[in-house]
Amino acid sequence: MFAAEDKAMTLDELIEDAQRVLRICNACRYCEGYCSVFPALARRLEFTENDVLYLGNLCHNCGSCLYACQFSPPHEFQVNFPKLMAKARGETYRRYAWPGFLGKLYENNGVAVSLISALSIGLLFWLAGAISNPEQFFAAHSDAQGSFYALMPHNLMAGVFGAVSLFVGFALLMGFLRFWPYMGEELADFFKGGPLAEGLHDALTLKNLGGGSDKEGCTYPTEQKSFARKIYHHFTFYGFMLCFAATSVATLYHYVLGQPAPYPVTSLPVLLGIVGGIGLLIGPAGLLWIKTQRDPEFKVPEQTGMDAGFLVLLFMISLTGLGLLAFREGASMGTWLAIHLGFVLALFLTMPYGKFVHGMYRLAALVRYHLERRRPVPGIAPE
Amino acid sequence: MLDTNKTWDLLVVGGGNAALCAALMAREAGCSVMLLEGAPKPFRGGNSRHTRNLRCMHEEPQDILTGTYPEEEYWQDLLKVTGGLTSEHLARITLKHTSMCRPWMYKHGVRFQPPLGGTLHLSRTNAFFLGGGKALMNAYYHSAEQLGIAIHYEAKITDLEIDGDSFKSATFTYEGAEHKVRAKAVVIACGGFQANLEWLEEAWGPAAKNFLVRGTPYNRGDVLKVLLAKGAKQISDAMQGHCVAIDARSPKYDGGIITRVDAVSLGIVVNKHAQRFYDEGEDFWPKRYAIWGRLVAGQPDQIGYSIIDAKAMGKFMPPVYPPIRAKTLRELATKLEINPDALEKTVAEFNAAVRPGTFDHTIQDDCVTEGITPAKTHWALKLDTPPYFGYPLRPGITFTYLGVTVDDKSRMILQDDKPCKNIFAAGEIMAGNVLGKGYLAGIGMSIGTTFGRIAGEEAAKYVRG
Ligand SMILES: Cc1cc2nc3c(=O)[nH]c(=O)nc-3n(C[C@H](O)[C@H](O)[C@H](O)COP(=O)(O)OP(=O)(O)OC[C@H]3O[C@@H](n4cnc5c(N)ncnc54)[C@H](O)[C@@H]3O)c2cc1C
Ligand code: HEM
Ligand code: SF4
Ligand code: SF4
């Protein structure tokens with residue numbers, strides 16, 4: 001029953017091994033105070049494939065339960081819970097990608113994201129080249145409003161990004177709409193006030209990366225507890241949200257106030273963009289840095305590309321965005337613009353086929369956790 | 001770097017809870033400390049890494065501990081399980097110590113959590129470690145490293161040089177060579193001898209071959225043997241220990257907590273001849289699990305089978321190994337490799353003896369049998385609802401009580417009843433002083449923490465005057 005396993009697994013092997021380990025944890029339960037995963041698993045006697053994927057997306061990969069496990073390798077039970085949960089997440093991302101065949105992009109995600117980035121940047125240069133002539137492209141521009149659109153007409157840009165956003169939004173929604181019922185839940189239950197609010201709270205505060213009942217941080221990147229991951233993720237997440245807000249406000253300025261970009265440095269969109277952009281530099285850089293410090297037992301080699309690809313992409317978007325801001329009056333503006341928009345396009349294109357989806361599946365798992373928490377568990381004799 | 005040139009203030013033998021408590025206390029008091037752990041690093045921490053809680057006396061509610069657990073109640077509990085085989089003086093020291101040691105544990109990184117699911121009955125008496133015993137050991141080791149305690153793994157003590165009442169040096173194997181280290185005092189905290197099946201066989205006879213060892217394979221009693229040979233006064237005997245019935249499919253060593261089977265009180269237990277042999281419903285399972293190891297050890301081939309029907313499924317903590325499952329009792333017997341006719345007969349007799357009652361597994365209900373021996377005195381329901389499930393059981397030994405006698409300073413006592421000057425013992429190796437028989441959940445860690453800390457403190461006092 002207890003086989004050591006440390007190679008890429010087939011789906012059946014993964015589910016079977018996860019079921020074996022979940023049974024072990026359910027008979028043990030020592031990790032119950034660390035996170036939401038253990039109370040959730042303790043509600044069950046048997047573990048189906050959907051339980052495995054649900055728990056996988058509930059696990060925040062903080063590492064505590066591997067350090068604390070008396071059955072971790074080299075023990076013959078070979079319990080490496082965080083690694084199995086990471087693999088279960090990978091399976092979720094692949095399985096619920098829409099359209100389904102694009103799930104294949106997860107097989108070599110780092111390469112896929114890099115290629116798409118390169119192609120997107122190329123496309124933007126080609127567009128700019130087709131629209132402007134070399135003099136214009138390499139000319140210094142005054143900070144006059146509308147200078148970006150001399151190179152990249154607004155309607156074209158809005159058209160391309162608008163269309164991509166719609167597609168991406170739809171693809172993400174399809175993933176959610178298939179994952180949620182797969183976990184056995186009714187769609188309407190997702191919108192129940194209490195569980196949704198609690199799930200959002202846990203997501204926005206990353207409660208499960210805060211340490212267990214001791215609230216002293218998580219064992220990432222090393223065994224000594226730290227808030228590093230939580231803090232860098234907050235930089236990333238809120239940085240991203242601010243950048244998103246910057247773009248939204250700019251869109252309003254454009255359409256409602258009739259003011260085309262660029263905007264003065266002290267304007268709301270630029271301020272939001274600067275603050276968000278700095279967050280989006282610090283966050284991904286920090287996450288990448290601590291990732292290199294992490295104990296190797298946690299590594300899931302087939303996911304390194306996905307993780308790194310996403311981090312680098314976010315970092316590059318921010319770097320080139322701030323570069324564009326700094327050099328928007330210089331001769332290199334055109335180059336910065338094309339590269340920046342290229343990375344942004346790549347992020348959009350890969351959102352449903354990269355690490356980005358984790359936020360959505362995690363939120364779904366967290367909301368489900370709070371739904372389930374309200375349901376009675378069958379009584380168990382005092383053990 | 002292994003440094004055996006200098007004379008250390010304190011040598012600690014072993015690397016479990018008692019050893020680390022002693023090492024940390026002595027180091028805090030300013031001693032230079034070398035700690036030698038026989039196990040490789042991933043398996044450091046002996047049986048302590050399998051634990052989950054500490055039984056704590058408290059006169060009022062404390063953070064995660066509800067209600068009160070006063071000294072007198074704790075003492076009465078201990079008196080009851082040991083049948084008086086305990087030193088009241090040392091026992092009371094232990095109980096009191098548990099009411100004040102937790103802030104120190106906290107300082108060294110140990111965290112506590114509310115009782116685990118399925119263990120609410122312990123919420124008043126037992127403080128659970130966040131993450132369990134391995135997390136506790138990791139915290140202690142980290143603290144020890146920070147404080148500059150010299151720790152060596154796979155360093156196995158083989159001999160001690162003892163001159164009258166004084167320790168001089170210890171011999172150990174490390175990285176393929178034999179070494180000798182001198183120290184001004186020594187704390188022996190290397191566990192019982194439960195992983196030494198040959199020694200168990202001397203006491204239990206051939207039956208011991210079928211015992212499973214629930215914890216570390218490294219507690220083989222080598223040092224205990226040396227101490228007893230060199231004049232230590234023995235406590236308890238080789239038959240005493242904590243022995244529970246665990247799943248027969250568990251590994252020989254180190255299966256830990258997950259191999260337990262909590263279905264016994266909800267069904268029947270038969271031996272290899274398909275005969276029942278003890279009242280399965282005598283008392284709540286937490287109060288009875290510790291006698292079933294011995295009961296199974298007394299059966300032919302040291303095997304038993306816990307059998308339940310579909311009604312009981314889901315009413316107990318899920319065991320790690322899936323049950324053996326069958327639609328009929330005959331089929332189940334065949335799968336368990338016991339005689340189908342005999343099992344059918346046993347169950348028929350049992351079912352016929354079951355009196356009507358109101359089943360409630362959370363109280364000692366009125367579901368009993370009449371007219372069979374042994375009777376089942378609570379939770380007796382007919383086995384009549386397929387599918388039927390079976391769990392094979394074997395005796396699983398947790399730890400042995402045979403050890404060395406100590407005084408209230410944790411000093412080892414010699415056969416002439418005089419304490420040694422600089423030899424201290426803590427943990428399983430002296431648990432028999434407090435626990436001569438029986439068991440109370442969480443008392444192993446209480447004894448180890450108490451006498452580990454006392455040993456470290458007293459050793460430091462001796463060394464540093
Ligand atoms: C599965 C399981 C669950 C348990 N749960 C609980 C619980 O919840 N609460 C509780 O109070 N008790 C529990 N116990 C009992 C508890 O583990 C022991 O009472 C306690 O850990 C003993 O601590 P110790 O330091 O004396 O021994 P150990 O922790 O076993 O440490 C002994 C150490 O000595 C080392 N050693 C052995 N021989 C040598 C040598 N020759 N040279 C060098 N080093 C050597 C070993 O490698 C080991 O590290 C449990 C036991 C088991 C097996
Ligand atoms: C519902 C919201 C979200 C939740 C609950 C959440 C949670 C988490 C968790 C627990 C991790 C670590 C585990 C893992 O590697 O999978 C993680 C990783 C990460 N998250 Fe989020 N996230 C959310 C949204 C976002 C968003 C919107 C972004 C930015 C666009 C983001 C950026 C990242 C990055 C870059 C990593 C990778 C870190 C690494 O590989 O080390 N997250 N997230
Ligand atoms: S990870 Fe290990 S210690 Fe934690 S609950 Fe599972 S088996 Fe127990
Ligand atoms: S969140 Fe942390 S403690 Fe919980 S399952 Fe994941 S790695 Fe383990």
# chains A, B, ... in the order shown; residues from 1 in each chain; ligands from 1
call {"tool": "residues_around", "arguments": {"residues": "range 364-379 of chain B", "least_positions_apart": "2", "cutoff": "7 Å", "atoms": "only C-alpha atoms", "output": "list in words"}}
result
Ser265, Leu266, Phe277, Tyr278, Asp279, Glu280, Gly281, Glu282, Ala353, Val354, Arg355, Pro356, Gly357, Thr358, Phe359, Asp360, His361 and Leu381 of chain B
call {"tool": "residues_near_ligand", "arguments": {"ligand": "ligand 2", "cutoff": "7 Å", "atoms": "only C-alpha atoms and all ligand atoms", "output": "PyMOL selection string"}}
result
chain A and resi 60-61+203-204+206+209+233+236-237+240+284+287-288+291+307-308+310-311+356+358-360+362-363
call {"tool": "residues_near_ligand", "arguments": {"ligand": "ligand 1", "cutoff": "7 Å", "atoms": "only C-alpha atoms and all ligand atoms", "output": "ChimeraX atom specification"}}
result
/B:13-19,36-39,44-55,155-158,189-191,214-216,218-223,256-257,398-399,426-429,441-446,448
call {"tool": "interface_residues", "arguments": {"of": "chain B", "to": "chain A", "cutoff": "6 Å", "atoms": "only C-alpha atoms", "output": "list in words"}}
result
Gly118, Gly131, Gly132, Lys134, Ala135, Ile258, Pro286, Lys315, Phe316, Pro318, Pro319, Val320 and His361 of chain B
call {"tool": "write_last_selection", "arguments": {"atoms": "all heavy atoms", "output": "PDB file, in the first residue's frame"}}
result
ATOM      1  N   GLY B 118     -12.321  14.706  17.347  1.00  0.00           N
ATOM      2  CA  GLY B 118     -12.375  13.351  17.872  1.00  0.00           C
ATOM      3  C   GLY B 118     -11.719  13.204  19.233  1.00  0.00           C
ATOM      4  O   GLY B 118     -11.664  12.114  19.780  1.00  0.00           O
ATOM      5  N   GLY B 131       0.753  20.947  15.435  1.00  0.00           N
ATOM      6  CA  GLY B 131       1.561  20.161  14.511  1.00  0.00           C
ATOM      7  C   GLY B 131       2.054  18.845  15.083  1.00  0.00           C
ATOM      8  O   GLY B 131       2.695  18.076  14.378  1.00  0.00           O
ATOM      9  N   GLY B 132       1.797  18.578  16.364  1.00  0.00           N
ATOM     10  CA  GLY B 132       2.210  17.310  16.953  1.00  0.00           C
ATOM     11  C   GLY B 132       3.656  17.301  17.432  1.00  0.00           C
ATOM     12  O   GLY B 132       4.347  18.325  17.435  1.00  0.00           O
ATOM     13  N   LYS B 134       6.444  16.069  16.307  1.00  0.00           N
ATOM     14  CA  LYS B 134       7.611  16.381  15.477  1.00  0.00           C
ATOM     15  C   LYS B 134       7.816  17.891  15.408  1.00  0.00           C
ATOM     16  O   LYS B 134       8.957  18.366  15.427  1.00  0.00           O
ATOM     17  CB  LYS B 134       7.477  15.801  14.071  1.00  0.00           C
ATOM     18  CG  LYS B 134       8.716  16.072  13.255  1.00  0.00           C
ATOM     19  CD  LYS B 134       8.904  15.116  12.120  1.00  0.00           C
ATOM     20  CE  LYS B 134      10.106  15.505  11.287  1.00  0.00           C
ATOM     21  NZ  LYS B 134       9.966  15.049   9.897  1.00  0.00           N
ATOM     22  N   ALA B 135       6.728  18.628  15.370  1.00  0.00           N
ATOM     23  CA  ALA B 135       6.856  20.090  15.392  1.00  0.00           C
ATOM     24  C   ALA B 135       7.500  20.521  16.703  1.00  0.00           C
ATOM     25  O   ALA B 135       8.342  21.427  16.731  1.00  0.00           O
ATOM     26  CB  ALA B 135       5.488  20.739  15.213  1.00  0.00           C
ATOM     27  N   ILE B 258      -1.284   6.553  13.627  1.00  0.00           N
ATOM     28  CA  ILE B 258      -2.327   6.276  12.628  1.00  0.00           C
ATOM     29  C   ILE B 258      -2.716   4.807  12.527  1.00  0.00           C
ATOM     30  O   ILE B 258      -3.703   4.492  11.900  1.00  0.00           O
ATOM     31  CB  ILE B 258      -1.892   6.756  11.222  1.00  0.00           C
ATOM     32  CG1 ILE B 258      -0.643   6.035  10.769  1.00  0.00           C
ATOM     33  CG2 ILE B 258      -1.696   8.262  11.211  1.00  0.00           C
ATOM     34  CD1 ILE B 258      -0.308   6.266   9.316  1.00  0.00           C
ATOM     35  N   PRO B 286     -11.359   5.254  24.932  1.00  0.00           N
ATOM     36  CA  PRO B 286     -10.147   5.924  25.424  1.00  0.00           C
ATOM     37  C   PRO B 286      -9.684   5.372  26.775  1.00  0.00           C
ATOM     38  O   PRO B 286      -8.510   5.435  27.099  1.00  0.00           O
ATOM     39  CB  PRO B 286     -10.572   7.385  25.575  1.00  0.00           C
ATOM     40  CG  PRO B 286     -11.738   7.546  24.683  1.00  0.00           C
ATOM     41  CD  PRO B 286     -12.431   6.227  24.656  1.00  0.00           C
ATOM     42  N   LYS B 315     -18.719   5.768  12.679  1.00  0.00           N
ATOM     43  CA  LYS B 315     -18.941   6.240  14.047  1.00  0.00           C
ATOM     44  C   LYS B 315     -17.656   6.277  14.865  1.00  0.00           C
ATOM     45  O   LYS B 315     -17.687   6.487  16.084  1.00  0.00           O
ATOM     46  CB  LYS B 315     -19.967   5.335  14.736  1.00  0.00           C
ATOM     47  CG  LYS B 315     -21.359   5.427  14.105  1.00  0.00           C
ATOM     48  CD  LYS B 315     -22.440   5.102  15.121  1.00  0.00           C
ATOM     49  CE  LYS B 315     -23.818   5.444  14.601  1.00  0.00           C
ATOM     50  NZ  LYS B 315     -24.304   4.451  13.603  1.00  0.00           N
ATOM     51  N   PHE B 316     -16.530   6.021  14.238  1.00  0.00           N
ATOM     52  CA  PHE B 316     -15.256   6.052  14.966  1.00  0.00           C
ATOM     53  C   PHE B 316     -14.209   6.700  14.076  1.00  0.00           C
ATOM     54  O   PHE B 316     -14.418   6.828  12.865  1.00  0.00           O
ATOM     55  CB  PHE B 316     -14.831   4.635  15.366  1.00  0.00           C
ATOM     56  CG  PHE B 316     -14.789   3.672  14.205  1.00  0.00           C
ATOM     57  CD1 PHE B 316     -13.593   3.415  13.552  1.00  0.00           C
ATOM     58  CD2 PHE B 316     -15.956   3.057  13.749  1.00  0.00           C
ATOM     59  CE1 PHE B 316     -13.552   2.541  12.477  1.00  0.00           C
ATOM     60  CE2 PHE B 316     -15.912   2.196  12.656  1.00  0.00           C
ATOM     61  CZ  PHE B 316     -14.716   1.930  12.028  1.00  0.00           C
ATOM     62  N   PRO B 318     -11.566   7.335  11.550  1.00  0.00           N
ATOM     63  CA  PRO B 318     -11.225   6.440  10.435  1.00  0.00           C
ATOM     64  C   PRO B 318      -9.796   5.920  10.558  1.00  0.00           C
ATOM     65  O   PRO B 318      -8.867   6.711  10.652  1.00  0.00           O
ATOM     66  CB  PRO B 318     -11.369   7.351   9.212  1.00  0.00           C
ATOM     67  CG  PRO B 318     -11.291   8.745   9.742  1.00  0.00           C
ATOM     68  CD  PRO B 318     -11.810   8.714  11.130  1.00  0.00           C
ATOM     69  N   PRO B 319      -9.606   4.605  10.600  1.00  0.00           N
ATOM     70  CA  PRO B 319      -8.246   4.072  10.672  1.00  0.00           C
ATOM     71  C   PRO B 319      -7.534   4.217   9.336  1.00  0.00           C
ATOM     72  O   PRO B 319      -8.175   4.435   8.313  1.00  0.00           O
ATOM     73  CB  PRO B 319      -8.442   2.592  10.994  1.00  0.00           C
ATOM     74  CG  PRO B 319      -9.901   2.386  11.213  1.00  0.00           C
ATOM     75  CD  PRO B 319     -10.603   3.534  10.567  1.00  0.00           C
ATOM     76  N   VAL B 320      -6.229   4.110   9.363  1.00  0.00           N
ATOM     77  CA  VAL B 320      -5.481   4.371   8.138  1.00  0.00           C
ATOM     78  C   VAL B 320      -5.686   3.285   7.084  1.00  0.00           C
ATOM     79  O   VAL B 320      -5.792   3.576   5.904  1.00  0.00           O
ATOM     80  CB  VAL B 320      -3.985   4.584   8.424  1.00  0.00           C
ATOM     81  CG1 VAL B 320      -3.329   3.317   8.931  1.00  0.00           C
ATOM     82  CG2 VAL B 320      -3.281   5.103   7.188  1.00  0.00           C
ATOM     83  N   HIS B 361     -23.494   5.878  21.447  1.00  0.00           N
ATOM     84  CA  HIS B 361     -22.064   5.633  21.692  1.00  0.00           C
ATOM     85  C   HIS B 361     -21.400   6.776  22.444  1.00  0.00           C
ATOM     86  O   HIS B 361     -20.226   6.720  22.728  1.00  0.00           O
ATOM     87  CB  HIS B 361     -21.335   5.324  20.385  1.00  0.00           C
ATOM     88  CG  HIS B 361     -21.385   6.429  19.367  1.00  0.00           C
ATOM     89  ND1 HIS B 361     -22.345   6.500  18.399  1.00  0.00           N
ATOM     90  CD2 HIS B 361     -20.599   7.491  19.155  1.00  0.00           C
ATOM     91  CE1 HIS B 361     -22.165   7.561  17.648  1.00  0.00           C
ATOM     92  NE2 HIS B 361     -21.115   8.193  18.087  1.00  0.00           N
TER      93      HIS B 361
END
call {"tool": "select_by_dssp", "arguments": {"residues": "range 139-266 of chain B", "states": "strand (DSSP E)", "output": "ChimeraX atom specification"}}
result
/B:150-152,156-163,166-174,177-188,212-213,234-235,241-247
call {"tool": "residues_around", "arguments": {"residues": "Leu20 in chain B", "least_positions_apart": "4", "cutoff": "12 Å", "atoms": "only C-alpha atoms", "output": "mmCIF file with N, CA and C atoms, in the first residue's frame"}}
result
data_model
loop_
_atom_site.group_PDB
_atom_site.id
_atom_site.type_symbol
_atom_site.label_atom_id
_atom_site.label_comp_id
_atom_site.auth_asym_id
_atom_site.auth_seq_id
_atom_site.Cartn_x
_atom_site.Cartn_y
_atom_site.Cartn_z
ATOM 1 N N LEU B 11 27.020 15.887 29.061
ATOM 2 C CA LEU B 11 26.731 15.042 27.906
ATOM 3 C C LEU B 11 25.280 14.586 28.033
ATOM 4 N N VAL B 12 24.511 14.749 26.964
ATOM 5 C CA VAL B 12 23.140 14.249 26.964
ATOM 6 C C VAL B 12 23.061 13.079 25.999
ATOM 7 N N VAL B 13 22.584 11.953 26.499
ATOM 8 C CA VAL B 13 22.478 10.744 25.685
ATOM 9 C C VAL B 13 21.033 10.597 25.237
ATOM 10 N N GLY B 14 20.812 10.664 23.939
ATOM 11 C CA GLY B 14 19.457 10.559 23.395
ATOM 12 C C GLY B 14 19.055 11.879 22.766
ATOM 13 N N GLY B 15 17.982 11.831 22.010
ATOM 14 C CA GLY B 15 17.574 13.041 21.298
ATOM 15 C C GLY B 15 16.076 13.205 21.217
ATOM 16 N N GLY B 16 15.356 12.749 22.259
ATOM 17 C CA GLY B 16 13.909 12.939 22.292
ATOM 18 C C GLY B 16 13.550 14.107 23.198
ATOM 19 N N LEU B 24 18.569 21.851 27.004
ATOM 20 C CA LEU B 24 18.230 23.278 26.962
ATOM 21 C C LEU B 24 18.344 23.909 28.352
ATOM 22 N N MET B 25 17.871 23.206 29.365
ATOM 23 C CA MET B 25 17.955 23.759 30.717
ATOM 24 C C MET B 25 19.408 23.957 31.130
ATOM 25 N N ALA B 26 20.235 22.966 30.860
ATOM 26 C CA ALA B 26 21.637 23.069 31.277
ATOM 27 C C ALA B 26 22.344 24.168 30.494
ATOM 28 N N ARG B 27 22.017 24.265 29.222
ATOM 29 C CA ARG B 27 22.642 25.295 28.393
ATOM 30 C C ARG B 27 22.224 26.688 28.866
ATOM 31 N N GLU B 28 20.969 26.823 29.212
ATOM 32 C CA GLU B 28 20.487 28.110 29.725
ATOM 33 C C GLU B 28 21.185 28.480 31.031
ATOM 34 N N VAL B 33 27.253 21.947 26.369
ATOM 35 C CA VAL B 33 26.468 20.710 26.269
ATOM 36 C C VAL B 33 26.706 20.010 24.945
ATOM 37 N N MET B 34 26.989 18.712 25.032
ATOM 38 C CA MET B 34 27.014 17.889 23.823
ATOM 39 C C MET B 34 25.842 16.925 23.894
ATOM 40 N N LEU B 35 25.099 16.832 22.783
ATOM 41 C CA LEU B 35 23.952 15.923 22.744
ATOM 42 C C LEU B 35 24.172 14.896 21.635
ATOM 43 N N LEU B 36 24.090 13.632 21.998
ATOM 44 C CA LEU B 36 24.300 12.577 21.008
ATOM 45 C C LEU B 36 22.998 11.828 20.776
ATOM 46 N N GLU B 37 22.530 11.920 19.550
ATOM 47 C CA GLU B 37 21.279 11.260 19.152
ATOM 48 C C GLU B 37 21.634 10.084 18.261
ATOM 49 N N ARG B 44 15.159 11.994 14.004
ATOM 50 C CA ARG B 44 15.498 12.438 15.351
ATOM 51 C C ARG B 44 14.222 12.611 16.179
ATOM 52 N N GLY B 45 14.417 12.557 17.494
ATOM 53 C CA GLY B 45 13.256 12.828 18.340
ATOM 54 C C GLY B 45 12.504 11.602 18.812
ATOM 55 N N GLY B 46 13.031 10.419 18.524
ATOM 56 C CA GLY B 46 12.522 9.181 19.120
ATOM 57 C C GLY B 46 11.013 9.053 19.086
ATOM 58 N N SER B 48 9.129 10.710 20.918
ATOM 59 C CA SER B 48 8.531 12.027 21.160
ATOM 60 C C SER B 48 7.981 12.625 19.878
ATOM 61 N N MET B 105 8.221 25.981 27.553
ATOM 62 C CA MET B 105 8.118 25.291 26.262
ATOM 63 C C MET B 105 7.837 26.309 25.159
ATOM 64 N N HIS B 108 10.723 28.186 23.940
ATOM 65 C CA HIS B 108 11.584 27.436 23.025
ATOM 66 C C HIS B 108 10.859 27.038 21.746
ATOM 67 N N LEU B 136 7.110 19.874 17.787
ATOM 68 C CA LEU B 136 7.711 20.182 19.084
ATOM 69 C C LEU B 136 9.212 19.882 19.072
ATOM 70 N N MET B 137 9.566 18.738 18.550
ATOM 71 C CA MET B 137 10.990 18.386 18.521
ATOM 72 C C MET B 137 11.759 19.347 17.605
ATOM 73 N N ASN B 138 11.174 19.699 16.463
ATOM 74 C CA ASN B 138 11.841 20.659 15.573
ATOM 75 C C ASN B 138 12.109 21.969 16.294
ATOM 76 N N ALA B 139 11.122 22.405 17.079
ATOM 77 C CA ALA B 139 11.283 23.675 17.794
ATOM 78 C C ALA B 139 12.421 23.563 18.808
ATOM 79 N N TYR B 140 12.448 22.480 19.558
ATOM 80 C CA TYR B 140 13.512 22.300 20.550
ATOM 81 C C TYR B 140 14.891 22.216 19.876
ATOM 82 N N TYR B 141 14.954 21.497 18.778
ATOM 83 C CA TYR B 141 16.254 21.374 18.100
ATOM 84 C C TYR B 141 16.719 22.728 17.575
ATOM 85 N N HIS B 142 15.772 23.466 17.050
ATOM 86 C CA HIS B 142 16.149 24.784 16.537
ATOM 87 C C HIS B 142 16.686 25.658 17.671
ATOM 88 N N SER B 143 15.974 25.647 18.777
ATOM 89 C CA SER B 143 16.402 26.430 19.923
ATOM 90 C C SER B 143 17.783 25.959 20.400
ATOM 91 N N ALA B 144 17.970 24.662 20.425
ATOM 92 C CA ALA B 144 19.253 24.104 20.880
ATOM 93 C C ALA B 144 20.389 24.558 19.967
ATOM 94 N N GLU B 145 20.115 24.554 18.654
ATOM 95 C CA GLU B 145 21.145 25.015 17.711
ATOM 96 C C GLU B 145 21.456 26.490 17.949
ATOM 97 N N LEU B 147 21.232 28.137 20.610
ATOM 98 C CA LEU B 147 21.930 28.346 21.874
ATOM 99 C C LEU B 147 23.336 27.742 21.866
ATOM 100 N N ILE B 149 24.234 24.399 21.427
ATOM 101 C CA ILE B 149 24.425 23.023 21.917
ATOM 102 C C ILE B 149 25.005 22.201 20.768
ATOM 103 N N ALA B 150 26.044 21.416 21.083
ATOM 104 C CA ALA B 150 26.671 20.601 20.024
ATOM 105 C C ALA B 150 25.835 19.343 19.830
ATOM 106 N N ILE B 151 25.229 19.218 18.653
ATOM 107 C CA ILE B 151 24.328 18.091 18.388
ATOM 108 C C ILE B 151 24.930 17.184 17.327
ATOM 109 N N VAL B 187 23.312 13.142 31.300
ATOM 110 C CA VAL B 187 21.870 12.876 31.406
ATOM 111 C C VAL B 187 21.544 11.760 30.426
ATOM 112 N N ILE B 188 20.986 10.675 30.958
ATOM 113 C CA ILE B 188 20.622 9.550 30.099
ATOM 114 C C ILE B 188 19.144 9.680 29.769
ATOM 115 N N ALA B 189 18.870 9.877 28.510
ATOM 116 C CA ALA B 189 17.470 10.072 28.094
ATOM 117 C C ALA B 189 17.246 9.365 26.764
ATOM 118 N N CYS B 190 17.633 8.091 26.737
ATOM 119 C CA CYS B 190 17.572 7.390 25.447
ATOM 120 C C CYS B 190 16.466 6.358 25.390
ATOM 121 N N ALA B 426 16.253 10.594 32.567
ATOM 122 C CA ALA B 426 14.972 11.267 32.314
ATOM 123 C C ALA B 426 14.238 10.589 31.168
ATOM 124 N N GLY B 427 12.909 10.658 31.230
ATOM 125 C CA GLY B 427 12.083 10.128 30.146
ATOM 126 C C GLY B 427 11.741 8.660 30.328
ATOM 127 N N GLY B 448 8.664 12.979 30.862
ATOM 128 C CA GLY B 448 9.893 13.362 30.161
ATOM 129 C C GLY B 448 10.211 14.840 30.313
ATOM 130 N N THR B 449 9.175 15.669 30.228
ATOM 131 C CA THR B 449 9.407 17.107 30.341
ATOM 132 C C THR B 449 9.841 17.461 31.767
ATOM 133 N N THR B 450 9.158 16.894 32.736
ATOM 134 C CA THR B 450 9.475 17.186 34.128
ATOM 135 C C THR B 450 10.895 16.747 34.473
ATOM 136 N N PHE B 451 11.178 15.469 34.265
ATOM 137 C CA PHE B 451 12.481 14.991 34.714
ATOM 138 C C PHE B 451 13.601 15.402 33.755
ATOM 139 N N GLY B 452 13.271 15.646 32.506
ATOM 140 C CA GLY B 452 14.284 16.201 31.609
ATOM 141 C C GLY B 452 14.728 17.575 32.109
ATOM 142 N N ARG B 453 13.769 18.398 32.425
ATOM 143 C CA ARG B 453 14.109 19.756 32.878
ATOM 144 C C ARG B 453 14.811 19.710 34.235
ATOM 145 N N ILE B 454 14.316 18.861 35.138
ATOM 146 C CA ILE B 454 14.981 18.763 36.445
ATOM 147 C C ILE B 454 16.414 18.257 36.256
ATOM 148 N N ALA B 455 16.575 17.246 35.419
ATOM 149 C CA ALA B 455 17.911 16.678 35.221
ATOM 150 C C ALA B 455 18.877 17.737 34.698
ATOM 151 N N GLY B 456 18.413 18.521 33.715
ATOM 152 C CA GLY B 456 19.285 19.557 33.154
ATOM 153 C C GLY B 456 19.661 20.591 34.205
#
call {"tool": "residues_around", "arguments": {"residues": "range 457-460 of chain B", "least_positions_apart": "2", "cutoff": "8 Å", "atoms": "only C-alpha atoms", "output": "PyMOL selection string"}}
result
chain B and resi 9-10+22+25-26+29-31+185-187+409-410+422+424+453-455+462-465
call {"tool": "atom_distance", "arguments": {"atom1": "CA of Ala326 in chain B", "atom2": "CA of Phe389 in chain B"}}
result
6.6 Å
call {"tool": "residues_around", "arguments": {"residues": "Leu440 in chain B", "least_positions_apart": "2", "cutoff": "12 Å", "atoms": "only C-alpha atoms", "output": "PyMOL selection string"}}
result
chain B and resi 53-56+74-82+122+125-126+241-242+286-291+434-438+442-447
call {"tool": "closest_residue", "arguments": {"among": "A:Lys225, A:His141, A:Lys104, A:Arg328", "to": "ligand 4", "atoms": "only C-alpha atoms and all ligand atoms"}}
result
A:Lys225
call {"tool": "closest_residue", "arguments": {"among": "A:Gly162, A:Pro301, A:Gly56, A:Gly63", "to": "ligand 3", "atoms": "only C-alpha atoms and all ligand atoms"}}
result
A:Gly63
call {"tool": "atom_distance", "arguments": {"atom1": "CA of Val404 in chain B", "atom2": "CA of Ser32 in chain B"}}
result
25.5 Å
call {"tool": "select_by_dssp", "arguments": {"residues": "range 111-251 of chain A", "states": "alpha helix (DSSP H)", "output": "NGL selection string"}}
result
:A and (111-131 or 134-137 or 147-151 or 154-182 or 187-190 or 193-205 or 228-251)
